[in-house]
>>> print(open('work-v3.txt').read())   # compact mmCIF, C-alpha atoms (C1' of nucleotides)
# COMPACT_ATOMS: atom_id res chain seq x y z
CA MET A 1 17.65 -3.06 2.83
CA ILE A 2 13.92 -2.96 3.30
CA ASN A 3 12.71 0.15 5.08
CA ARG A 4 11.55 -0.06 8.63
CA GLU A 5 7.90 0.60 7.94
CA LEU A 6 7.56 -2.42 5.69
CA LYS A 7 9.17 -4.65 8.27
CA ARG A 8 6.77 -3.68 10.99
CA GLY A 9 4.75 -6.69 11.93
CA SER A 10 6.86 -9.15 9.95
CA THR A 11 9.55 -9.80 12.56
CA GLU A 12 7.16 -11.74 14.72
CA MET A 13 6.42 -14.26 11.96
CA LEU A 14 10.10 -14.53 11.04
CA ILE A 15 11.10 -15.41 14.59
CA LEU A 16 8.29 -17.91 15.04
CA ALA A 17 9.23 -19.56 11.74
CA LEU A 18 12.91 -19.80 12.69
CA VAL A 19 12.28 -21.56 16.00
CA GLU A 20 9.76 -23.90 14.40
CA ASP A 21 12.19 -26.75 13.71
CA ARG A 22 14.53 -26.43 16.66
CA PRO A 23 15.33 -24.11 19.56
CA ARG A 24 17.52 -21.14 18.72
CA HIS A 25 18.95 -18.19 20.61
CA GLY A 26 18.45 -14.51 19.76
CA TYR A 27 21.74 -13.82 18.11
CA GLU A 28 21.40 -16.88 15.89
CA ILE A 29 17.89 -15.81 14.85
CA GLY A 30 19.14 -12.40 13.82
CA LYS A 31 21.95 -13.90 11.75
CA LEU A 32 19.64 -16.44 10.12
CA ILE A 33 17.16 -13.78 9.04
CA GLU A 34 19.98 -11.88 7.40
CA GLN A 35 21.55 -14.92 5.75
CA ARG A 36 18.39 -16.57 4.47
CA SER A 37 17.07 -13.35 2.99
CA ASP A 38 20.42 -12.62 1.32
CA GLY A 39 20.73 -9.43 3.33
CA VAL A 40 17.35 -8.09 2.25
CA LEU A 41 16.02 -8.42 5.79
CA GLN A 42 18.01 -7.29 8.80
CA PHE A 43 16.92 -6.73 12.33
CA HIS A 44 18.84 -4.81 14.91
CA VAL A 45 19.29 -6.53 18.21
CA ALA A 46 17.53 -3.61 19.84
CA SER A 47 14.40 -4.79 18.03
CA LEU A 48 15.04 -8.47 18.34
CA TYR A 49 15.47 -9.00 22.06
CA PRO A 50 12.45 -6.98 23.21
CA LEU A 51 10.34 -8.87 20.68
CA LEU A 52 11.59 -12.21 22.03
CA TYR A 53 10.51 -11.13 25.51
CA ARG A 54 7.09 -10.14 24.23
CA LEU A 55 6.64 -13.39 22.37
CA GLU A 56 7.61 -15.39 25.43
CA LYS A 57 5.29 -13.34 27.63
CA ARG A 58 2.46 -14.12 25.22
CA GLY A 59 3.27 -17.82 25.40
CA LEU A 60 4.18 -18.21 21.74
CA ILE A 61 7.76 -19.25 22.46
CA SER A 62 9.43 -20.56 25.61
CA GLY A 63 13.08 -19.99 26.46
CA ARG A 64 15.66 -21.47 28.76
CA TRP A 65 19.21 -20.50 29.60
CA ILE A 66 22.05 -22.72 28.42
CA GLU A 67 25.39 -22.15 30.14
CA LYS A 68 28.66 -23.45 28.80
CA ALA A 69 32.14 -22.94 30.24
CA GLY A 70 34.11 -20.23 28.43
CA GLN A 71 30.95 -18.86 26.77
CA ARG A 72 28.47 -16.15 27.46
CA ARG A 73 25.18 -17.68 28.53
CA ARG A 74 22.59 -18.03 25.79
CA ARG A 75 18.84 -18.24 25.94
CA PHE A 76 17.30 -20.78 23.58
CA TYR A 77 13.70 -20.33 22.51
CA LYS A 78 11.41 -22.98 21.13
CA LEU A 79 7.97 -22.70 19.55
CA THR A 80 4.99 -23.58 21.76
CA ALA A 81 1.74 -25.13 20.57
CA ALA A 82 0.11 -21.70 20.76
CA GLY A 83 3.01 -20.29 18.77
CA GLN A 84 2.56 -22.90 16.06
CA LYS A 85 -1.06 -21.89 15.72
CA VAL A 86 -0.24 -18.18 15.51
CA LEU A 87 2.52 -18.88 13.00
CA ALA A 88 0.09 -20.69 10.71
CA GLU A 89 -2.34 -17.77 10.97
CA GLN A 90 0.37 -15.25 10.23
CA ARG A 91 1.54 -17.11 7.16
CA LYS A 92 -2.00 -17.02 5.83
CA THR A 93 -2.39 -13.37 6.76
CA TRP A 94 0.76 -12.47 4.85
CA ARG A 95 -0.36 -14.42 1.80
CA ASP A 96 -3.74 -12.65 1.86
CA PHE A 97 -2.14 -9.29 2.46
CA PHE A 98 0.23 -9.63 -0.45
CA ALA A 99 -2.54 -10.90 -2.73
CA ALA A 100 -4.62 -7.85 -1.81
CA LEU A 101 -1.70 -5.49 -2.40
CA ASP A 102 -1.13 -7.07 -5.78
CA HIS A 103 -4.79 -6.78 -6.63
CA VAL A 104 -4.93 -3.07 -5.82
CA ALA A 105 -1.45 -1.91 -6.80
CA GLY A 106 -0.36 -4.50 -9.38
CA ILE A 107 2.89 -5.55 -7.80
CA ASN A 108 3.61 -8.58 -9.92
CA PRO A 109 4.42 -7.87 -13.58
CA ALA A 110 1.48 -8.75 -15.79
CA MET B 1 -8.94 -7.03 8.12
CA ILE B 2 -5.17 -6.86 8.04
CA ASN B 3 -3.64 -5.54 11.24
CA ARG B 4 -2.24 -2.06 11.35
CA GLU B 5 1.42 -3.00 11.64
CA LEU B 6 1.39 -4.94 8.38
CA LYS B 7 -0.18 -2.03 6.58
CA ARG B 8 2.48 0.42 7.63
CA GLY B 9 4.36 1.51 4.59
CA SER B 10 1.96 -0.03 2.10
CA THR B 11 -0.55 2.81 1.94
CA GLU B 12 1.84 5.00 0.05
CA MET B 13 2.21 2.51 -2.79
CA LEU B 14 -1.54 1.88 -2.88
CA ILE B 15 -2.32 5.56 -3.29
CA LEU B 16 0.33 6.11 -5.94
CA ALA B 17 -0.97 3.09 -7.87
CA LEU B 18 -4.56 4.32 -7.71
CA VAL B 19 -3.79 7.75 -9.14
CA GLU B 20 -1.58 6.28 -11.84
CA ASP B 21 -4.24 6.10 -14.55
CA ARG B 22 -6.32 9.13 -13.71
CA PRO B 23 -6.73 11.80 -11.04
CA ARG B 24 -8.77 10.78 -8.02
CA HIS B 25 -9.85 12.42 -4.77
CA GLY B 26 -9.14 11.11 -1.27
CA TYR B 27 -12.51 9.63 -0.51
CA GLU B 28 -12.54 7.76 -3.83
CA ILE B 29 -9.06 6.36 -3.15
CA GLY B 30 -10.17 5.02 0.21
CA LYS B 31 -13.22 3.36 -1.28
CA LEU B 32 -11.22 1.86 -4.15
CA ILE B 33 -8.67 0.30 -1.81
CA GLU B 34 -11.48 -1.33 0.11
CA GLN B 35 -13.37 -2.50 -2.98
CA ARG B 36 -10.43 -3.79 -5.00
CA SER B 37 -9.03 -5.74 -2.06
CA ASP B 38 -12.45 -7.23 -1.27
CA GLY B 39 -12.37 -5.58 2.13
CA VAL B 40 -8.99 -7.05 3.10
CA LEU B 41 -7.43 -3.59 3.07
CA GLN B 42 -9.11 -0.61 4.63
CA PHE B 43 -7.70 2.76 5.50
CA HIS B 44 -9.29 5.21 7.84
CA VAL B 45 -9.59 8.70 6.54
CA ALA B 46 -7.49 9.86 9.48
CA SER B 47 -4.61 7.96 7.89
CA LEU B 48 -5.46 8.75 4.31
CA TYR B 49 -5.62 12.53 4.24
CA PRO B 50 -2.39 13.24 6.14
CA LEU B 51 -0.63 10.79 3.82
CA LEU B 52 -2.00 12.58 0.76
CA TYR B 53 -0.57 15.84 2.12
CA ARG B 54 2.81 14.22 2.71
CA LEU B 55 2.87 12.73 -0.79
CA GLU B 56 2.00 16.06 -2.34
CA LYS B 57 4.63 17.84 -0.26
CA ARG B 58 7.21 15.34 -1.51
CA GLY B 59 6.14 16.02 -5.08
CA LEU B 60 4.92 12.49 -5.82
CA ILE B 61 1.34 13.58 -6.49
CA SER B 62 -0.17 16.95 -7.29
CA GLY B 63 -3.67 18.00 -6.34
CA ARG B 64 -6.17 20.61 -7.36
CA TRP B 65 -9.56 21.59 -6.03
CA ILE B 66 -12.63 20.89 -8.13
CA GLU B 67 -15.77 22.75 -7.11
CA LYS B 68 -19.25 21.84 -8.26
CA ALA B 69 -22.55 23.44 -7.29
CA GLY B 70 -24.43 21.47 -4.66
CA GLN B 71 -21.34 19.43 -3.79
CA ARG B 72 -18.63 19.61 -1.23
CA ARG B 73 -15.37 20.62 -2.90
CA ARG B 74 -13.06 17.76 -3.77
CA ARG B 75 -9.31 17.70 -4.25
CA PHE B 76 -8.16 15.54 -7.15
CA TYR B 77 -4.63 14.17 -7.09
CA LYS B 78 -2.63 12.95 -10.06
CA LEU B 79 0.68 11.12 -10.23
CA THR B 80 3.75 13.21 -11.06
CA ALA B 81 6.78 11.97 -12.99
CA ALA B 82 8.66 11.66 -9.70
CA GLY B 83 5.71 9.73 -8.29
CA GLN B 84 5.78 7.30 -11.21
CA LYS B 85 9.42 6.59 -10.51
CA VAL B 86 8.83 6.04 -6.80
CA LEU B 87 5.85 3.82 -7.55
CA ALA B 88 7.99 1.58 -9.78
CA GLU B 89 10.61 1.35 -7.03
CA GLN B 90 8.03 0.51 -4.40
CA ARG B 91 6.50 -2.25 -6.51
CA LYS B 92 9.92 -3.82 -6.82
CA THR B 93 10.64 -3.31 -3.13
CA TRP B 94 7.43 -5.09 -2.18
CA ARG B 95 8.17 -7.97 -4.53
CA ASP B 96 11.65 -8.35 -3.05
CA PHE B 97 10.35 -8.01 0.48
CA PHE B 98 7.74 -10.69 0.02
CA ALA B 99 10.23 -13.01 -1.70
CA ALA B 100 12.58 -12.57 1.26
CA LEU B 101 9.80 -13.23 3.77
CA ASP B 102 8.85 -16.36 1.87
CA HIS B 103 12.44 -17.49 1.79
CA VAL B 104 12.91 -17.11 5.54
CA ALA B 105 9.45 -17.96 6.86
CA GLY B 106 8.02 -20.16 4.11
CA ILE B 107 4.82 -18.26 3.47
CA ASN B 108 3.73 -19.98 0.31
CA PRO B 109 2.68 -23.64 0.67
CA ALA B 110 5.41 -25.93 -0.65
C1' DA C 1 46.89 -3.99 22.05
C1' DG C 2 43.22 -3.64 19.06
C1' DA C 3 39.71 -5.43 16.06
C1' DT C 4 36.11 -8.57 15.22
C1' DA C 5 32.62 -11.97 16.34
C1' DT C 6 29.65 -13.73 19.66
C1' DA C 7 25.66 -12.76 22.96
C1' DT C 8 22.32 -10.25 25.78
C1' DA C 9 20.16 -5.81 27.73
C1' DT C 10 17.67 -1.25 27.85
C1' DG C 11 16.37 3.99 27.79
C1' DG C 12 14.73 7.11 24.48
C1' DC C 13 13.26 8.57 19.63
C1' DA C 14 10.60 8.65 15.25
C1' DT C 15 7.07 7.14 12.30
C1' DC C 16 2.45 6.32 11.11
C1' DA C 17 -2.14 3.93 11.35
C1' DC C 18 -5.87 4.72 14.28
C1' DC C 19 -9.43 7.06 17.50
C1' DA C 20 -12.25 10.78 18.33
C1' DT C 21 -14.19 14.63 16.74
C1' DA C 22 -15.35 18.43 13.63
C1' DT C 23 -17.35 20.63 9.39
C1' DA C 24 -20.53 20.50 5.24
C1' DT C 25 -24.06 18.80 1.55
C1' DA C 26 -27.62 15.66 -0.22
C1' DG C 27 -30.83 11.86 -0.55
C1' DA C 28 -33.64 8.04 1.62
C1' DG C 29 -36.75 6.38 5.00
C1' DA C 30 -39.77 6.75 9.12
C1' DT D 1 -39.76 17.01 10.32
C1' DC D 2 -36.23 14.12 12.01
C1' DT D 3 -32.81 10.71 11.56
C1' DC D 4 -29.72 7.98 9.17
C1' DT D 5 -26.50 7.13 5.65
C1' DA D 6 -23.29 8.42 2.10
C1' DT D 7 -20.20 11.71 0.43
C1' DA D 8 -15.93 14.60 1.39
C1' DT D 9 -12.20 16.86 3.95
C1' DA D 10 -9.55 18.12 8.36
C1' DT D 11 -6.75 17.55 12.73
C1' DG D 12 -5.15 16.80 17.83
C1' DG D 13 -3.73 13.03 20.45
C1' DT D 14 -2.47 7.88 21.30
C1' DG D 15 -0.07 3.49 20.78
C1' DA D 16 2.96 0.07 18.68
C1' DT D 17 7.41 -1.03 17.20
C1' DG D 18 11.83 -0.76 14.66
C1' DC D 19 15.99 1.80 15.38
C1' DC D 20 19.96 4.48 17.74
C1' DA D 21 23.10 4.64 21.27
C1' DT D 22 25.20 2.51 24.75
C1' DA D 23 26.40 -1.07 28.10
C1' DT D 24 28.23 -5.64 29.66
C1' DA D 25 30.94 -9.99 28.86
C1' DT D 26 33.98 -13.72 26.53
C1' DA D 27 37.03 -15.60 22.86
C1' DT D 28 39.87 -15.48 18.73
C1' DC D 29 42.78 -13.44 15.31
C1' DT D 30 46.35 -10.19 13.81
>>> encode(input="work-v3.txt", output="structure tokens")
Amino acid sequence: MINRELKRGSTEMLILALVEDRPRHGYEIGKLIEQRSDGVLQFHVASLYPLLYRLEKRGLISGRWIEKAGQRRRRFYKLTAAGQKVLAEQRKTWRDFFAALDHVAGINPA
Amino acid sequence: MINRELKRGSTEMLILALVEDRPRHGYEIGKLIEQRSDGVLQFHVASLYPLLYRLEKRGLISGRWIEKAGQRRRRFYKLTAAGQKVLAEQRKTWRDFFAALDHVAGINPA
DNA sequence: AGATATATATGGCATCACCATATATAGAGA
DNA sequence: TCTCTATATATGGTGATGCCATATATATCT
């Protein structure tokens, strides 16, 4: 598992990317991050939910409650237009960041 | 400039990588990070020096004072054997981390 | 009955990059 | 002379955020 300091600042992009195609709820997002990264990335719910609230407050995602009989209510979030823009920026930022790290520290084998 | 949250946890690897070939002092390390990343990465001295102390305390680098007439004294740090090992691990960790991010969030253009 | 999975919520802690500020020397420009 | 910039190290306090612990609630499997 990646240490917490590396993950700082990456969760936001991960969430935005996961609600890009269709609305998803918090628990599902957490599971998807874990599955799609083969367990390399994991986020505790105590990090996940507060971040969802922050992202919604900033207008990058919008959520609505879905209630079904015999189920706990779930809040589904979808990406807003503003969120799409920020997501694109963050993808570029991460590319640039990693390129810079590689340039200074030689991460990729020569 | 990359935001501060992304940088968290990367400074350590950058410093270790920069003292890998030869001993360097703090100020030089800061300048090198900035130059070699074309300004994408910058670290304030208020982050740099405390981190150097932590790295030395953990035995990953070792420093010694060099005094020259008409110059402020400078502390040169070199990579220890333990530091070399940690550096190799961190390079791999960053590769894996970025691969996982790309897998989940699709950072690199298809 | 107990364990596990699903699903959301929140108070408090730890880490670390940054801000502000301090000390000290030397060279360039006005 | 005075000021600015570059070099070089040092440290007290702040803020952001991922995590721990804990809480609530429903359904299924053994």
>>> interface_residues(input="work-v3.txt", of="chain B", to="chain D", cutoff="7 Å", atoms="only C-alpha atoms (C1' of nucleotides)", output="list in words")
Tyr27, Arg72 and Arg74 of chain B
>>> interface_residues(input="work-v3.txt", of="chain B", to="chain C", cutoff="8 Å", atoms="only C-alpha atoms (C1' of nucleotides)", output="PyMOL selection string")
chain B and resi 4-5+7-8+44+46-47+70-72
>>> interface_residues(input="work-v3.txt", of="chain B", to="chain A", cutoff="6 Å", atoms="all atoms listed in the file", output="list in words")
Glu5, Leu6, Arg8, Gly9, Leu14, Ala17, Arg36, Ser37, Arg91, Ala100, Val104, Ala105 and Ile107 of chain B
>>> write_last_selection(input="work-v3.txt", atoms="C-alpha atoms", output="short mmCIF file (atom, residue, chain, number, x, y, z; two decimals), keeping the file's coordinate frame")
data_model
loop_
_atom_site.label_atom_id
_atom_site.label_comp_id
_atom_site.auth_asym_id
_atom_site.auth_seq_id
_atom_site.Cartn_x
_atom_site.Cartn_y
_atom_site.Cartn_z
CA GLU B 5 1.42 -3.00 11.64
CA LEU B 6 1.39 -4.94 8.38
CA ARG B 8 2.48 0.42 7.63
CA GLY B 9 4.36 1.51 4.59
CA LEU B 14 -1.54 1.88 -2.88
CA ALA B 17 -0.97 3.09 -7.87
CA ARG B 36 -10.43 -3.79 -5.00
CA SER B 37 -9.03 -5.74 -2.06
CA ARG B 91 6.50 -2.25 -6.51
CA ALA B 100 12.58 -12.57 1.26
CA VAL B 104 12.91 -17.11 5.54
CA ALA B 105 9.45 -17.96 6.86
CA ILE B 107 4.82 -18.26 3.47
#
>>> atom_distance(input="work-v3.txt", atom1="atom CA of Leu55 of chain A", atom2="atom CA of Ala69 of chain A")
28.3 Å
>>> atom_distance(input="work-v3.txt", atom1="atom CA of Glu12 of chain B", atom2="atom CA of Val45 of chain A")
27.7 Å
>>> closest_residue(input="work-v3.txt", among="A:His25, A:Phe76, A:Gln42, A:Tyr49", to="Gly63 of chain A", atoms="only C-alpha atoms")
A:Phe76
>>> decode(input="work-v3.txt", residues="chain B", atoms="C-alpha atoms", output="tab-separated table (two decimals), in the first residue's frame")
chain	number	residue	atom	x	y	z
B	1	MET	CA	4.12	25.23	-9.85
B	2	ILE	CA	2.83	21.96	-8.49
B	3	ASN	CA	0.55	22.35	-5.50
B	4	ARG	CA	1.80	21.49	-2.06
B	5	GLU	CA	-0.33	18.40	-1.52
B	6	LEU	CA	1.08	16.64	-4.56
B	7	LYS	CA	4.60	17.32	-3.42
B	8	ARG	CA	4.11	15.77	-0.03
B	9	GLY	CA	6.26	12.71	0.20
B	10	SER	CA	8.22	13.40	-2.96
B	11	THR	CA	10.83	15.72	-1.48
B	12	GLU	CA	12.50	12.89	0.33
B	13	MET	CA	13.15	10.95	-2.87
B	14	LEU	CA	14.32	14.08	-4.68
B	15	ILE	CA	16.91	14.85	-2.02
B	16	LEU	CA	18.17	11.29	-1.83
B	17	ALA	CA	18.49	11.19	-5.62
B	18	LEU	CA	20.42	14.46	-5.72
B	19	VAL	CA	23.05	13.37	-3.20
B	20	GLU	CA	23.42	9.99	-4.87
B	21	ASP	CA	26.39	10.91	-7.07
B	22	ARG	CA	28.19	13.37	-4.85
B	23	PRO	CA	27.77	15.28	-1.60
B	24	ARG	CA	25.75	18.46	-1.83
B	25	HIS	CA	24.61	21.16	0.60
B	26	GLY	CA	21.01	22.20	1.25
B	27	TYR	CA	20.94	25.35	-0.79
B	28	GLU	CA	22.43	23.57	-3.79
B	29	ILE	CA	19.84	20.79	-3.53
B	30	GLY	CA	17.02	23.33	-3.56
B	31	LYS	CA	18.41	25.07	-6.61
B	32	LEU	CA	18.99	21.79	-8.44
B	33	ILE	CA	15.42	20.63	-7.90
B	34	GLU	CA	14.18	23.88	-9.37
B	35	GLN	CA	16.59	23.86	-12.31
B	36	ARG	CA	16.28	20.21	-13.29
B	37	SER	CA	12.49	20.31	-13.19
B	38	ASP	CA	12.41	23.54	-15.23
B	39	GLY	CA	10.72	25.30	-12.36
B	40	VAL	CA	7.90	22.76	-12.05
B	41	LEU	CA	9.19	21.68	-8.65
B	42	GLN	CA	10.26	24.16	-6.03
B	43	PHE	CA	10.88	23.66	-2.36
B	44	HIS	CA	11.06	26.40	0.18
B	45	VAL	CA	14.02	26.30	2.45
B	46	ALA	CA	11.64	26.06	5.38
B	47	SER	CA	10.70	22.62	4.06
B	48	LEU	CA	14.14	21.62	2.90
B	49	TYR	CA	16.29	22.03	5.98
B	50	PRO	CA	14.00	20.27	8.46
B	51	LEU	CA	13.74	17.39	5.99
B	52	LEU	CA	17.53	17.18	5.72
B	53	TYR	CA	17.71	16.90	9.52
B	54	ARG	CA	15.10	14.15	9.53
B	55	LEU	CA	16.89	12.22	6.79
B	56	GLU	CA	20.19	12.47	8.62
B	57	LYS	CA	18.57	11.39	11.89
B	58	ARG	CA	17.17	8.34	10.10
B	59	GLY	CA	20.63	7.52	8.78
B	60	LEU	CA	19.75	7.92	5.10
B	61	ILE	CA	22.22	10.75	4.54
B	62	SER	CA	25.21	11.93	6.51
B	63	GLY	CA	26.42	15.51	6.65
B	64	ARG	CA	29.55	17.37	7.57
B	65	TRP	CA	30.38	21.04	7.84
B	66	ILE	CA	32.75	22.57	5.34
B	67	GLU	CA	34.20	25.94	6.29
B	68	LYS	CA	35.92	28.28	3.88
B	69	ALA	CA	37.32	31.75	4.55
B	70	GLY	CA	35.01	34.52	3.41
B	71	GLN	CA	32.07	32.13	3.10
B	72	ARG	CA	29.20	31.09	5.26
B	73	ARG	CA	29.74	27.53	6.46
B	74	ARG	CA	27.97	24.87	4.45
B	75	ARG	CA	26.85	21.39	5.43
B	76	PHE	CA	27.42	18.77	2.75
B	77	TYR	CA	25.29	15.65	2.79
B	78	LYS	CA	26.09	12.33	1.15
B	79	LEU	CA	23.95	9.25	0.63
B	80	THR	CA	24.52	6.36	3.05
B	81	ALA	CA	24.13	2.67	2.18
B	82	ALA	CA	20.78	2.68	3.96
B	83	GLY	CA	19.82	5.77	1.97
B	84	GLN	CA	20.67	4.05	-1.31
B	85	LYS	CA	18.37	1.20	-0.39
B	86	VAL	CA	15.52	3.52	0.56
B	87	LEU	CA	16.03	5.53	-2.62
B	88	ALA	CA	15.67	2.39	-4.75
B	89	GLU	CA	12.48	1.49	-2.89
B	90	GLN	CA	11.05	4.96	-3.32
B	91	ARG	CA	11.73	5.00	-7.04
B	92	LYS	CA	9.80	1.77	-7.36
B	93	THR	CA	7.03	3.03	-5.10
B	94	TRP	CA	6.60	6.13	-7.25
B	95	ARG	CA	6.53	4.08	-10.44
B	96	ASP	CA	3.87	1.79	-8.96
B	97	PHE	CA	1.91	4.70	-7.58
B	98	PHE	CA	1.81	6.50	-10.90
B	99	ALA	CA	0.90	3.31	-12.75
B	100	ALA	CA	-1.98	2.80	-10.33
B	101	LEU	CA	-3.16	6.40	-10.73
B	102	ASP	CA	-3.05	6.01	-14.48
B	103	HIS	CA	-4.98	2.78	-14.27
B	104	VAL	CA	-7.76	4.29	-12.18
B	105	ALA	CA	-7.88	7.86	-13.47
B	106	GLY	CA	-6.45	7.53	-16.98
B	107	ILE	CA	-3.72	10.12	-16.72
B	108	ASN	CA	-1.85	9.34	-19.89
B	109	PRO	CA	-3.69	10.12	-23.15
B	110	ALA	CA	-4.99	6.92	-24.74
